[in-house]
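Asker: File structure_6.cif below, mmCIF, C-alpha atoms:
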```
data_data
#
loop_
_atom_site.label_atom_id
_atom_site.label_comp_id
_atom_site.auth_asym_id
_atom_site.auth_seq_id
_atom_site.Cartn_x
_atom_site.Cartn_y
_atom_site.Cartn_z
CA MET A 1 170.10 30.50 53.66
CA ILE A 2 172.45 32.36 55.98
CA ASP A 3 176.14 31.64 55.50
CA PRO A 4 176.85 28.58 57.73
CA LYS A 5 180.25 30.08 58.59
CA LEU A 6 178.50 33.16 59.96
CA ILE A 7 176.23 31.03 62.14
CA ARG A 8 179.16 29.05 63.50
CA GLU A 9 181.46 32.02 64.07
CA ASN A 10 179.05 34.85 64.97
CA ILE A 11 175.98 33.30 66.59
CA GLU A 12 175.34 36.55 68.50
CA LEU A 13 174.67 38.36 65.22
CA VAL A 14 172.12 35.69 64.30
CA LYS A 15 170.44 36.04 67.70
CA GLU A 16 170.33 39.82 67.26
CA SER A 17 168.77 39.42 63.80
CA LEU A 18 166.08 37.07 65.13
CA GLY A 19 165.35 39.55 67.91
CA LYS A 20 164.92 42.43 65.44
CA ARG A 21 162.51 40.36 63.39
CA GLY A 22 160.60 39.09 66.41
CA ALA A 23 161.23 35.57 65.10
CA SER A 24 161.35 32.52 67.35
CA PHE A 25 164.02 29.89 66.78
CA ASP A 26 165.76 27.39 69.08
CA ILE A 27 169.36 28.56 68.74
CA ASP A 28 170.50 26.36 71.62
CA LYS A 29 169.21 23.27 69.85
CA LEU A 30 170.98 24.29 66.64
CA MET A 31 174.26 24.80 68.48
CA GLY A 32 173.80 21.42 70.13
CA VAL A 33 173.55 19.86 66.67
CA GLU A 34 176.63 21.81 65.62
CA GLU A 35 178.59 20.53 68.62
CA LYS A 36 177.55 16.96 67.76
CA ARG A 37 178.62 17.54 64.14
CA ARG A 38 182.08 18.76 65.21
CA ARG A 39 182.53 15.84 67.57
CA LEU A 40 181.62 13.33 64.85
CA ILE A 41 184.04 14.99 62.42
CA GLN A 42 186.85 14.80 64.97
CA GLU A 43 186.11 11.16 65.81
CA THR A 44 185.85 10.22 62.13
CA GLU A 45 189.16 11.91 61.31
CA LYS A 46 190.78 10.15 64.27
CA MET A 47 189.49 6.78 63.04
CA LYS A 48 190.71 7.49 59.50
CA SER A 49 194.17 8.28 60.87
CA GLU A 50 194.09 5.01 62.80
CA LYS A 51 193.02 3.18 59.63
CA ASN A 52 195.90 4.71 57.64
CA LEU A 53 198.37 3.80 60.37
CA LEU A 54 197.11 0.22 60.49
CA SER A 55 197.29 -0.06 56.69
CA ASN A 56 200.92 1.08 56.73
CA GLU A 57 201.83 -1.35 59.53
CA ILE A 58 200.13 -4.25 57.73
CA ALA A 59 201.99 -3.40 54.52
CA LYS A 60 205.33 -3.34 56.38
CA GLN A 61 204.64 -6.68 58.12
CA LYS A 62 203.62 -8.34 54.85
CA LYS A 63 206.78 -7.02 53.22
CA ALA A 64 208.80 -8.56 56.07
CA GLY A 65 207.08 -11.92 55.51
CA ALA A 66 204.82 -11.77 58.59
CA SER A 67 201.09 -12.53 58.66
CA PRO A 68 199.33 -9.67 60.54
CA VAL A 69 195.98 -11.45 60.97
CA GLU A 70 194.92 -9.56 64.11
CA LYS A 71 195.70 -6.17 62.60
CA ILE A 72 193.81 -7.04 59.41
CA GLU A 73 190.77 -7.97 61.48
CA HIS A 74 191.13 -4.78 63.51
CA LEU A 75 191.37 -2.82 60.23
CA ARG A 76 188.04 -4.31 59.10
CA THR A 77 186.45 -3.29 62.41
CA VAL A 78 187.79 0.26 62.14
CA GLY A 79 186.53 0.45 58.54
CA LYS A 80 183.00 -0.54 59.61
CA ASP A 81 183.13 1.97 62.47
CA ILE A 82 184.11 4.72 60.02
CA GLU A 83 181.18 3.82 57.73
CA GLU A 84 178.75 4.01 60.66
CA MET A 85 180.30 7.27 61.85
CA GLU A 86 180.00 8.80 58.37
CA LEU A 87 176.33 7.78 58.19
CA SER A 88 175.76 9.44 61.58
CA LEU A 89 177.62 12.55 60.41
CA LYS A 90 175.50 12.71 57.24
CA ALA A 91 172.31 12.53 59.33
CA VAL A 92 173.53 15.27 61.68
CA GLU A 93 174.52 17.50 58.76
CA LYS A 94 171.04 16.98 57.25
CA GLU A 95 169.52 17.96 60.61
CA TRP A 96 171.72 21.08 60.67
CA GLU A 97 170.70 22.04 57.12
CA ASP A 98 166.98 21.47 57.81
CA MET A 99 167.19 23.73 60.85
CA THR A 100 169.12 26.51 59.08
CA LEU A 101 166.62 26.48 56.18
CA VAL A 102 163.98 28.01 58.47
CA ILE A 103 166.19 30.82 59.83
CA PRO A 104 165.17 34.12 58.16
CA ASN A 105 167.66 36.41 56.44
CA ILE A 106 169.62 39.01 58.40
CA PRO A 107 168.23 42.55 57.93
CA HIS A 108 170.51 45.12 56.31
CA ASP A 109 171.92 47.82 58.60
CA THR A 110 169.64 50.45 57.01
CA VAL A 111 166.45 48.55 57.87
CA PRO A 112 164.48 50.32 60.66
CA VAL A 113 163.83 48.54 63.93
CA GLY A 114 160.14 47.77 64.46
CA ALA A 115 157.61 45.10 65.19
CA GLY A 116 155.12 45.46 62.32
CA ASP A 117 153.73 47.57 59.48
CA LYS A 118 152.99 50.52 61.78
CA ASP A 119 156.76 50.88 62.25
CA ASN A 120 157.54 51.08 58.53
CA ARG A 121 159.13 54.34 57.40
CA VAL A 122 157.52 56.36 54.59
CA VAL A 123 160.32 57.40 52.24
CA ARG A 124 158.38 59.58 49.79
CA PHE A 125 155.00 60.51 48.35
CA VAL A 126 154.66 60.78 44.57
CA GLY A 127 151.90 62.57 42.66
CA GLU A 128 148.68 64.07 43.94
CA LYS A 129 145.52 62.47 45.25
CA PRO A 130 142.62 62.90 42.81
CA ARG A 131 139.82 65.28 43.76
CA PHE A 132 136.18 64.39 43.18
CA ASP A 133 132.97 66.41 43.30
CA PHE A 134 131.22 63.23 44.48
CA ASP A 135 131.90 60.48 47.00
CA PRO A 136 134.22 57.95 45.29
CA VAL A 137 133.29 54.28 45.64
CA ALA A 138 135.33 51.08 45.86
CA HIS A 139 136.33 49.16 42.73
CA TRP A 140 134.05 46.20 43.55
CA ASP A 141 131.00 48.47 43.34
CA ILE A 142 132.25 50.04 40.11
CA GLY A 143 133.07 46.66 38.59
CA GLU A 144 129.73 45.08 39.45
CA ARG A 145 127.77 48.12 38.29
CA LEU A 146 129.62 48.15 34.94
CA ASP A 147 129.38 44.34 34.71
CA ILE A 148 133.13 44.02 34.13
CA LEU A 149 133.98 42.20 37.39
CA ASP A 150 131.82 39.26 38.44
CA PHE A 151 132.65 37.89 41.88
CA LYS A 152 129.49 35.83 42.36
CA ARG A 153 129.88 33.75 39.22
CA ALA A 154 133.60 33.26 39.90
CA ALA A 155 132.64 31.87 43.32
CA LYS A 156 130.17 29.54 41.61
CA ILE A 157 132.87 28.33 39.22
CA THR A 158 135.57 27.85 41.86
CA GLY A 159 134.99 29.41 45.26
CA SER A 160 135.56 32.58 47.23
CA ARG A 161 138.40 34.96 46.36
CA PHE A 162 138.34 34.38 42.62
CA THR A 163 137.22 36.88 39.97
CA LEU A 164 135.61 36.61 36.55
CA TYR A 165 136.74 39.54 34.38
CA LYS A 166 134.28 40.43 31.61
CA GLY A 167 134.32 42.75 28.60
CA TYR A 168 136.22 45.94 29.37
CA GLY A 169 137.41 44.41 32.64
CA ALA A 170 139.22 41.59 30.83
CA LEU A 171 140.55 44.09 28.29
CA LEU A 172 141.85 46.38 31.06
CA GLU A 173 143.68 43.49 32.76
CA ARG A 174 145.27 42.39 29.48
CA ALA A 175 146.13 45.97 28.53
CA LEU A 176 147.96 46.52 31.81
CA ILE A 177 149.98 43.31 31.41
CA ASN A 178 151.12 44.29 27.92
CA PHE A 179 151.76 47.89 28.95
CA MET A 180 153.96 46.82 31.88
CA LEU A 181 155.91 44.29 29.82
CA ASP A 182 156.52 46.82 27.04
CA ILE A 183 157.75 49.51 29.44
CA HIS A 184 160.11 47.19 31.30
CA THR A 185 161.56 45.66 28.13
CA THR A 186 161.84 48.77 25.93
CA LYS A 187 162.49 51.48 28.54
CA HIS A 188 164.15 49.70 31.48
CA GLY A 189 166.26 47.06 29.72
CA TYR A 190 164.75 43.84 31.09
CA THR A 191 164.63 40.63 29.07
CA GLU A 192 161.16 39.09 28.93
CA VAL A 193 160.72 35.43 29.85
CA LEU A 194 157.62 33.26 30.09
CA PRO A 195 158.43 30.57 32.68
CA PRO A 196 156.49 27.47 33.73
CA PHE A 197 153.61 28.15 36.12
CA MET A 198 154.44 24.97 38.08
CA VAL A 199 157.74 24.30 39.82
CA ASN A 200 159.33 21.44 41.74
CA ARG A 201 160.20 21.28 45.42
CA GLU A 202 163.85 22.20 44.81
CA ALA A 203 162.85 25.45 43.10
CA MET A 204 160.52 26.41 45.96
CA THR A 205 163.27 25.64 48.47
CA GLY A 206 165.77 27.70 46.47
CA THR A 207 163.79 30.93 46.82
CA GLY A 208 162.75 30.32 50.42
CA GLN A 209 159.07 29.33 50.16
CA LEU A 210 159.94 25.85 51.40
CA PRO A 211 160.10 24.31 53.89
CA LYS A 212 158.68 27.07 56.09
CA PHE A 213 155.62 28.17 54.08
CA GLU A 214 154.29 24.98 52.52
CA GLU A 215 150.82 25.57 54.01
CA GLU A 216 150.55 28.77 51.91
CA LEU A 217 151.13 26.94 48.61
CA PHE A 218 148.93 24.99 46.21
CA ARG A 219 150.51 21.57 45.69
CA LEU A 220 149.59 19.14 42.93
CA ASP A 221 148.46 15.57 43.54
CA GLY A 222 150.86 13.15 41.89
CA PRO A 223 154.15 14.80 40.92
CA ASP A 224 155.73 16.86 43.68
CA TYR A 225 154.96 20.14 41.89
CA PHE A 226 153.56 23.43 43.18
CA LEU A 227 151.62 26.21 41.47
CA ILE A 228 153.82 29.28 41.65
CA PRO A 229 152.97 31.98 44.23
CA THR A 230 155.03 34.48 42.18
CA ALA A 231 157.24 34.50 39.08
CA GLU A 232 160.15 35.12 41.46
CA VAL A 233 160.34 31.35 41.98
CA PRO A 234 160.80 30.06 38.41
CA VAL A 235 162.77 33.10 37.19
CA THR A 236 165.27 33.07 40.07
CA ASN A 237 165.76 29.33 39.55
CA ILE A 238 166.71 29.80 35.89
CA TYR A 239 170.32 29.77 37.07
CA ALA A 240 170.06 27.25 39.92
CA ASN A 241 173.25 25.14 40.18
CA GLU A 242 175.05 27.31 37.61
CA ILE A 243 178.09 29.58 37.59
CA LEU A 244 177.60 32.90 35.76
CA ARG A 245 180.22 35.21 34.26
CA GLU A 246 180.86 38.44 36.16
CA ASP A 247 180.86 40.40 32.87
CA ASP A 248 177.25 39.30 32.27
CA LEU A 249 175.99 40.84 35.53
CA PRO A 250 173.58 42.34 36.26
CA LEU A 251 171.09 40.08 34.54
CA LYS A 252 167.57 41.58 34.43
CA TYR A 253 164.39 39.63 33.66
CA VAL A 254 160.71 40.49 33.54
CA ALA A 255 157.92 37.92 33.49
CA TYR A 256 154.15 37.92 33.41
CA THR A 257 152.57 34.96 35.22
CA PRO A 258 149.42 34.11 37.11
CA CYS A 259 150.13 33.60 40.81
CA PHE A 260 148.44 31.17 43.19
CA ARG A 261 148.29 31.57 46.97
CA LYS A 262 146.20 29.95 49.66
CA GLU A 263 146.47 33.08 51.85
CA ALA A 264 146.01 30.86 54.91
CA GLY A 265 144.95 32.87 57.93
CA ALA A 266 143.63 35.76 55.84
CA HIS A 267 139.96 34.78 56.11
CA GLY A 268 137.82 37.91 56.38
CA LYS A 269 140.88 40.21 56.18
CA ASP A 270 141.05 42.51 53.12
CA THR A 271 139.40 39.82 51.01
CA ARG A 272 136.70 41.86 49.28
CA GLY A 273 137.11 42.63 45.60
CA LEU A 274 140.51 42.19 43.96
CA THR A 275 142.62 42.87 47.05
CA ARG A 276 143.59 39.38 48.20
CA GLN A 277 142.86 36.66 45.66
CA HIS A 278 143.82 32.98 45.46
CA GLN A 279 144.69 33.55 41.78
CA PHE A 280 145.96 36.83 40.37
CA ASN A 281 148.21 38.13 37.61
CA LYS A 282 151.53 39.84 38.23
CA VAL A 283 154.43 41.24 36.24
CA GLU A 284 157.64 40.47 38.13
CA LEU A 285 161.14 41.97 37.90
CA VAL A 286 164.14 39.80 38.86
CA LYS A 287 167.83 40.72 38.97
CA PHE A 288 171.08 38.80 39.46
CA THR A 289 173.95 41.07 40.54
CA ASN A 290 177.36 41.00 42.15
CA PRO A 291 177.42 41.84 45.88
CA GLU A 292 179.10 45.22 45.40
CA SER A 293 176.31 46.68 43.24
CA SER A 294 173.20 44.98 44.63
CA TYR A 295 171.94 47.90 46.74
CA ASP A 296 172.37 50.35 43.85
CA GLU A 297 170.44 47.87 41.72
CA LEU A 298 167.70 47.72 44.35
CA GLU A 299 167.17 51.48 44.08
CA LYS A 300 167.03 51.20 40.27
CA LEU A 301 164.57 48.30 40.46
CA LEU A 302 162.35 50.36 42.77
CA LEU A 303 162.34 53.26 40.30
CA ASP A 304 161.49 50.88 37.44
CA ALA A 305 158.44 49.62 39.35
CA GLU A 306 157.42 53.17 40.33
CA ASP A 307 157.61 54.27 36.70
CA ILE A 308 154.49 52.27 35.85
CA LEU A 309 152.38 54.27 38.32
CA LYS A 310 154.00 57.53 37.21
CA ARG A 311 153.04 56.81 33.60
CA LEU A 312 149.49 56.00 34.73
CA ASN A 313 149.48 59.23 36.77
CA ILE A 314 148.33 57.51 39.97
CA HIS A 315 149.36 58.79 43.41
CA TYR A 316 151.41 56.47 45.64
CA ARG A 317 153.92 56.38 48.45
CA VAL A 318 157.09 54.36 49.06
CA SER A 319 157.76 52.79 52.46
CA LEU A 320 160.89 51.14 53.83
CA LEU A 321 159.86 48.05 55.77
CA CYS A 322 161.02 47.61 59.36
CA ALA A 323 162.73 44.42 60.50
CA GLY A 324 159.56 42.99 62.00
CA ASP A 325 157.67 43.35 58.70
CA LEU A 326 160.36 41.96 56.40
CA GLY A 327 159.68 38.87 54.33
CA PHE A 328 161.49 35.69 55.33
CA SER A 329 164.16 35.82 52.60
CA SER A 330 164.62 39.59 52.36
CA ALA A 331 167.49 41.67 53.74
CA LYS A 332 165.81 44.96 52.74
CA THR A 333 162.41 45.75 51.20
CA TYR A 334 160.60 48.79 49.89
CA ASP A 335 156.82 48.68 49.47
CA ILE A 336 155.08 50.80 46.85
CA GLU A 337 151.63 51.62 48.19
CA VAL A 338 149.03 52.96 45.79
CA TRP A 339 146.27 55.36 46.84
CA LEU A 340 142.72 53.97 46.60
CA PRO A 341 140.22 56.82 47.03
CA GLY A 342 137.19 54.53 47.02
CA GLN A 343 138.53 52.82 50.15
CA ASN A 344 140.42 55.84 51.53
CA ILE A 345 143.58 53.78 52.07
CA TYR A 346 147.03 53.08 50.67
CA ARG A 347 147.44 49.51 49.47
CA GLU A 348 150.70 47.69 48.68
CA ILE A 349 151.06 47.14 44.94
CA SER A 350 154.72 46.14 44.82
CA SER A 351 157.44 44.90 47.16
CA CYS A 352 161.00 45.45 45.93
CA SER A 353 163.59 43.41 47.82
CA ASN A 354 167.28 42.58 47.99
CA PHE A 355 167.88 39.04 49.23
CA GLU A 356 171.67 39.39 49.09
CA ASN A 357 173.07 35.83 48.77
CA PHE A 358 170.31 34.20 50.86
CA GLN A 359 168.49 32.66 47.88
CA ALA A 360 171.66 32.11 45.88
CA ARG A 361 173.10 29.88 48.61
CA ARG A 362 169.95 27.78 48.66
CA ALA A 363 169.72 27.55 44.86
CA LYS A 364 173.51 27.36 44.38
CA ILE A 365 173.73 30.32 41.98
CA ARG A 366 177.30 31.59 41.72
CA TYR A 367 179.42 33.76 39.45
CA ARG A 368 183.09 33.67 38.57
CA ARG A 369 185.05 36.80 39.35
CA GLN A 370 187.64 37.97 36.83
CA GLY A 371 190.44 36.55 39.01
CA GLY A 372 188.86 33.10 38.80
CA LYS A 373 187.32 32.90 42.29
CA THR A 374 183.63 32.00 42.51
CA ASP A 375 181.14 33.72 44.79
CA PHE A 376 177.37 33.71 45.29
CA VAL A 377 175.35 36.28 43.34
CA HIS A 378 172.88 38.59 45.01
CA THR A 379 169.26 38.20 43.88
CA LEU A 380 166.61 40.92 43.84
CA ASN A 381 163.01 41.12 42.77
CA GLY A 382 159.95 43.31 42.80
CA SER A 383 156.46 43.45 41.35
CA GLY A 384 156.28 45.64 38.34
CA LEU A 385 153.31 45.58 39.16
CA ALA A 386 150.61 43.39 40.70
CA VAL A 387 148.09 43.58 37.87
CA GLY A 388 144.81 43.10 39.75
CA ARG A 389 145.73 45.78 42.25
CA THR A 390 146.64 48.10 39.37
CA VAL A 391 143.20 47.43 37.87
CA MET A 392 141.53 48.49 41.11
CA ALA A 393 143.81 51.55 41.33
CA VAL A 394 142.82 52.63 37.82
CA MET A 395 139.12 52.05 38.49
CA GLU A 396 139.08 53.95 41.79
CA ASN A 397 141.33 56.84 40.76
CA TYR A 398 139.74 57.38 37.33
CA GLN A 399 136.08 56.83 38.24
CA THR A 400 133.49 59.35 37.05
CA LYS A 401 130.32 60.70 38.61
CA ASP A 402 128.11 58.65 36.28
CA GLY A 403 129.87 55.42 37.30
CA GLY A 404 132.23 55.12 34.36
CA VAL A 405 136.02 54.91 34.31
CA ILE A 406 138.35 57.15 32.31
CA VAL A 407 141.11 55.18 30.58
CA PRO A 408 144.55 56.60 31.50
CA GLU A 409 146.22 58.13 28.46
CA ALA A 410 149.20 55.75 28.59
CA LEU A 411 146.83 52.74 28.38
CA ARG A 412 144.70 53.89 25.46
CA PRO A 413 146.88 52.30 22.74
CA TYR A 414 146.39 49.00 24.59
CA MET A 415 142.62 49.54 24.99
CA ARG A 416 141.71 49.79 21.29
CA GLY A 417 141.95 53.57 21.54
CA ILE A 418 138.95 54.02 23.85
CA THR A 419 139.11 56.91 26.31
CA MET A 420 136.30 55.82 28.62
CA ILE A 421 134.64 52.73 30.00
CA PRO A 422 131.13 54.20 29.92
CA GLY A 423 128.93 54.34 32.99
CA ALA A 424 125.18 54.11 33.29
#
```
Just dump the structure as structure tokens.

Answerer:
Amino acid sequence: MIDPKLIRENIELVKESLGKRGASFDIDKLMGVEEKRRRLIQETEKMKSEKNLLSNEIAKQKKAGASPVEKIEHLRTVGKDIEEMELSLKAVEKEWEDMTLVIPNIPHDTVPVGAGDKDNRVVRFVGEKPRFDFDPVAHWDIGERLDILDFKRAAKITGSRFTLYKGYGALLERALINFMLDIHTTKHGYTEVLPPFMVNREAMTGTGQLPKFEEELFRLDGPDYFLIPTAEVPVTNIYANEILREDDLPLKYVAYTPCFRKEAGAHGKDTRGLTRQHQFNKVELVKFTNPESSYDELEKLLLDAEDILKRLNIHYRVSLLCAGDLGFSSAKTYDIEVWLPGQNIYREISSCSNFENFQARRAKIRYRRQGGKTDFVHTLNGSGLAVGRTVMAVMENYQTKDGGVIVPEALRPYMRGITMIPGA
């Protein structure tokens, strides 16, 4: 949520932000609600002053032995008017809050101007593309040929865009999860947590998925719970409605969870293989920082996520997203895009974002400065990494001419020591 004070005092900045993002929002309607809110506050305060004045006059008349019947009756009327006015004010403030909850975050000054992913800025390339003496194929062909990925039977069990991992495929997925968790906890200083895979409406609202993106989420029948689209939701909400100590910041957490997304509107788009699934595994990095250090912490978080691909010796690039491609809650985002030779494309495998205090305002996560004043923390997160997409990166980059897959050296201790998933 954007600072309400900023909206009220610098509406032009909000309009400029919406323009950069290409987002549509009825600012005039919002300001109309704000004007109504101010008017109700003024009228309520005026009535309260009148009520206090009447109470004092009644007290004086009673003390003098008079019977101020008319003023007492008028006081009752004013009291009822105040109650009605306060109910109206509460409704208007709820309307204001509901409208501001769907305003996206303001992009940081360093975010490039642009309308979509074609305007993103490549920051760096890391590593070398593999060279083959044969035509590399996509991971879905490798997986089906090796009988380690079964898309047809997964569709029979559930539906499209689900995967059944088998044998070495299941082992590779599990190996990558454990490898990522070990690196982030032992090398990068994150504390591992295993959160619930279902959250309530308040948690989803806190991180910005609700109310705007409810159609993208899987909601349970019965309790008002949702399957998590990312571990960002439960991990960020660990400290909802709490005040942290400044000396404890930054707090750094890593979590493995399955993730569940409807991917509404993505029908037929990048849906083959493991690319865009309704259920997938991810290792997520989450940070809570003070405002002064959050952008330094973003750069560190990015390097922590990159380190996984460096250790696997897989080529990738880093892109800085333009304003038009930013996520709803993000002020600045880097995408790590892994090279997939079987598809001849780069594919996003991690987004690393600084949300500044946007999520913290919604979830009411604050910290107490050493002088005693409280302020909102800045929250950050990034995939470290998306596991299914790392599986396809390993399969496509380490494929062999006979259809097998070489196991990256860093993964071998997690793969029972095998060096190769054998081909035909």

Asker: Run the PyMOL selection byres ((chain A and resi 16-26) around 6) mentally over the shown coordinates, then write out the matched residues as a list of chain:residue names, using the chain letters and numbers from the document.

Answerer: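 The output of the PyMOL selection byres ((chain A and resi 16-26) around 6) on this file is A:Leu13, A:Val14, A:Lys15, A:Ile27, A:Asp28, A:Lys29, A:Ile106, A:Ala323, A:Gly324.
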
Asker: For CA of Thr207 (chain A) and CA of Thr185 (chain A), determine how far apart the two atoms are, in Å to one decimal place.

Answerer: 23.9 Å

Asker: Excluding Glu306 (chain A) and its own-chain neighbours fewer than 3 positions away, which residues fall within 12 Å of it when counting all atoms listed in the file? Please give them as a ChimeraX atom specification.

Answerer: /A:124-127,180,183-184,188,299-303,309-318,334-338,349-352,382-386,390

Asker: For the structure provided, state which residues fall under the PyMOL selection byres ((chain A and resi 173-179) around 9), and present them as a list in words.

Answerer: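 Applied to this file, the PyMOL selection byres ((chain A and resi 173-179) around 9) selects Tyr165, Tyr168, Gly169, Ala170, Leu171, Leu172, Met180, Leu181, Asp182, Ile183, His184, Tyr256, Asn281, Lys282, Val283, Ile308, Leu385, Val387, Gly388, Thr390, Val391, Ala410, Leu411, Arg412, Pro413, Tyr414 and Met415 of chain A.
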
Asker: Limited to C-alpha atoms, could you put the picked residues into a file as a PDB file, in the frame of the given file?

Answerer:
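Listed below is the output, selection_35.pdb:
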```
ATOM      1  CA  TYR A 165     136.740  39.540  34.380  1.00  0.00           C
ATOM      2  CA  TYR A 168     136.220  45.940  29.370  1.00  0.00           C
ATOM      3  CA  GLY A 169     137.410  44.410  32.640  1.00  0.00           C
ATOM      4  CA  ALA A 170     139.220  41.590  30.830  1.00  0.00           C
ATOM      5  CA  LEU A 171     140.550  44.090  28.290  1.00  0.00           C
ATOM      6  CA  LEU A 172     141.850  46.380  31.060  1.00  0.00           C
ATOM      7  CA  MET A 180     153.960  46.820  31.880  1.00  0.00           C
ATOM      8  CA  LEU A 181     155.910  44.290  29.820  1.00  0.00           C
ATOM      9  CA  ASP A 182     156.520  46.820  27.040  1.00  0.00           C
ATOM     10  CA  ILE A 183     157.750  49.510  29.440  1.00  0.00           C
ATOM     11  CA  HIS A 184     160.110  47.190  31.300  1.00  0.00           C
ATOM     12  CA  TYR A 256     154.150  37.920  33.410  1.00  0.00           C
ATOM     13  CA  ASN A 281     148.210  38.130  37.610  1.00  0.00           C
ATOM     14  CA  LYS A 282     151.530  39.840  38.230  1.00  0.00           C
ATOM     15  CA  VAL A 283     154.430  41.240  36.240  1.00  0.00           C
ATOM     16  CA  ILE A 308     154.490  52.270  35.850  1.00  0.00           C
ATOM     17  CA  LEU A 385     153.310  45.580  39.160  1.00  0.00           C
ATOM     18  CA  VAL A 387     148.090  43.580  37.870  1.00  0.00           C
ATOM     19  CA  GLY A 388     144.810  43.100  39.750  1.00  0.00           C
ATOM     20  CA  THR A 390     146.640  48.100  39.370  1.00  0.00           C
ATOM     21  CA  VAL A 391     143.200  47.430  37.870  1.00  0.00           C
ATOM     22  CA  ALA A 410     149.200  55.750  28.590  1.00  0.00           C
ATOM     23  CA  LEU A 411     146.830  52.740  28.380  1.00  0.00           C
ATOM     24  CA  ARG A 412     144.700  53.890  25.460  1.00  0.00           C
ATOM     25  CA  PRO A 413     146.880  52.300  22.740  1.00  0.00           C
ATOM     26  CA  TYR A 414     146.390  49.000  24.590  1.00  0.00           C
ATOM     27  CA  MET A 415     142.620  49.540  24.990  1.00  0.00           C
TER      28      MET A 415
END
```

Asker: Excluding region 356-358 of chain A and any residue of its chain fewer than 4 positions from it, enumerate the residues within 12 Å of it, using only C-alpha atoms, and give them as an mmCIF file with C-alpha atoms, keeping the file's coordinate frame.

Answerer:
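Below is the file result_17.cif, written as the result:
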```cif
data_model
loop_
_atom_site.group_PDB
_atom_site.id
_atom_site.type_symbol
_atom_site.label_atom_id
_atom_site.label_comp_id
_atom_site.auth_asym_id
_atom_site.auth_seq_id
_atom_site.Cartn_x
_atom_site.Cartn_y
_atom_site.Cartn_z
ATOM 1 C CA MET A 1 170.100 30.500 53.660
ATOM 2 C CA ILE A 2 172.450 32.360 55.980
ATOM 3 C CA ASP A 3 176.140 31.640 55.500
ATOM 4 C CA PRO A 4 176.850 28.580 57.730
ATOM 5 C CA THR A 100 169.120 26.510 59.080
ATOM 6 C CA LEU A 101 166.620 26.480 56.180
ATOM 7 C CA VAL A 102 163.980 28.010 58.470
ATOM 8 C CA ILE A 103 166.190 30.820 59.830
ATOM 9 C CA PRO A 104 165.170 34.120 58.160
ATOM 10 C CA ASN A 105 167.660 36.410 56.440
ATOM 11 C CA ILE A 106 169.620 39.010 58.400
ATOM 12 C CA PRO A 107 168.230 42.550 57.930
ATOM 13 C CA HIS A 108 170.510 45.120 56.310
ATOM 14 C CA THR A 205 163.270 25.640 48.470
ATOM 15 C CA GLY A 206 165.770 27.700 46.470
ATOM 16 C CA THR A 207 163.790 30.930 46.820
ATOM 17 C CA GLY A 208 162.750 30.320 50.420
ATOM 18 C CA THR A 236 165.270 33.070 40.070
ATOM 19 C CA LYS A 287 167.830 40.720 38.970
ATOM 20 C CA PHE A 288 171.080 38.800 39.460
ATOM 21 C CA THR A 289 173.950 41.070 40.540
ATOM 22 C CA ASN A 290 177.360 41.000 42.150
ATOM 23 C CA PRO A 291 177.420 41.840 45.880
ATOM 24 C CA GLU A 292 179.100 45.220 45.400
ATOM 25 C CA SER A 293 176.310 46.680 43.240
ATOM 26 C CA SER A 294 173.200 44.980 44.630
ATOM 27 C CA TYR A 295 171.940 47.900 46.740
ATOM 28 C CA GLU A 297 170.440 47.870 41.720
ATOM 29 C CA LEU A 298 167.700 47.720 44.350
ATOM 30 C CA PHE A 328 161.490 35.690 55.330
ATOM 31 C CA SER A 329 164.160 35.820 52.600
ATOM 32 C CA SER A 330 164.620 39.590 52.360
ATOM 33 C CA ALA A 331 167.490 41.670 53.740
ATOM 34 C CA LYS A 332 165.810 44.960 52.740
ATOM 35 C CA THR A 333 162.410 45.750 51.200
ATOM 36 C CA ARG A 362 169.950 27.780 48.660
ATOM 37 C CA ALA A 363 169.720 27.550 44.860
ATOM 38 C CA LYS A 364 173.510 27.360 44.380
ATOM 39 C CA ILE A 365 173.730 30.320 41.980
ATOM 40 C CA ARG A 366 177.300 31.590 41.720
ATOM 41 C CA TYR A 367 179.420 33.760 39.450
ATOM 42 C CA ASP A 375 181.140 33.720 44.790
ATOM 43 C CA PHE A 376 177.370 33.710 45.290
ATOM 44 C CA VAL A 377 175.350 36.280 43.340
ATOM 45 C CA HIS A 378 172.880 38.590 45.010
ATOM 46 C CA THR A 379 169.260 38.200 43.880
ATOM 47 C CA LEU A 380 166.610 40.920 43.840
ATOM 48 C CA ASN A 381 163.010 41.120 42.770
#
```

Asker: Counting all atoms listed in the file, which residue out of A:Pro211, A:Thr230, A:Arg369, A:Arg8 sits closest to Leu249 (chain A)?

Answerer: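 The shortest atom-to-atom distance to Leu249 (chain A) comes from A:Arg369.
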
Asker: Nearest residue to Ile82 (chain A) out of A:Val113, A:Leu40, A:Ala305, A:Val69, using all atoms listed in the file?

Answerer: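 Ranking A:Val113, A:Leu40, A:Ala305, A:Val69 by distance to Ile82 (chain A), first place goes to A:Leu40.
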
Asker: Skip Leu146 (chain A) itself and residues of its chain fewer than 3 positions away, then list as number ranges by chain all residues within 9 Å of it, counting only C-alpha atoms.

Answerer: A: 141-143, 149, 168-169, 403-404, 421-424

Asker: So which one's closest to Glu202 (chain A), A:Ala138, A:Thr110, A:Asp296, A:Gln359? Using all atoms listed in the file, please.

Answerer: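 Ranking A:Ala138, A:Thr110, A:Asp296, A:Gln359 by distance to Glu202 (chain A), first place goes to A:Gln359.
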
Asker: Looking at only C-alpha atoms, which of A:Gln279, A:Thr374, A:Asn354, A:Gln42 is the one that sits closest to Phe197 (chain A)?

Answerer: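 For Phe197 (chain A), the nearest of the candidates is A:Gln279.
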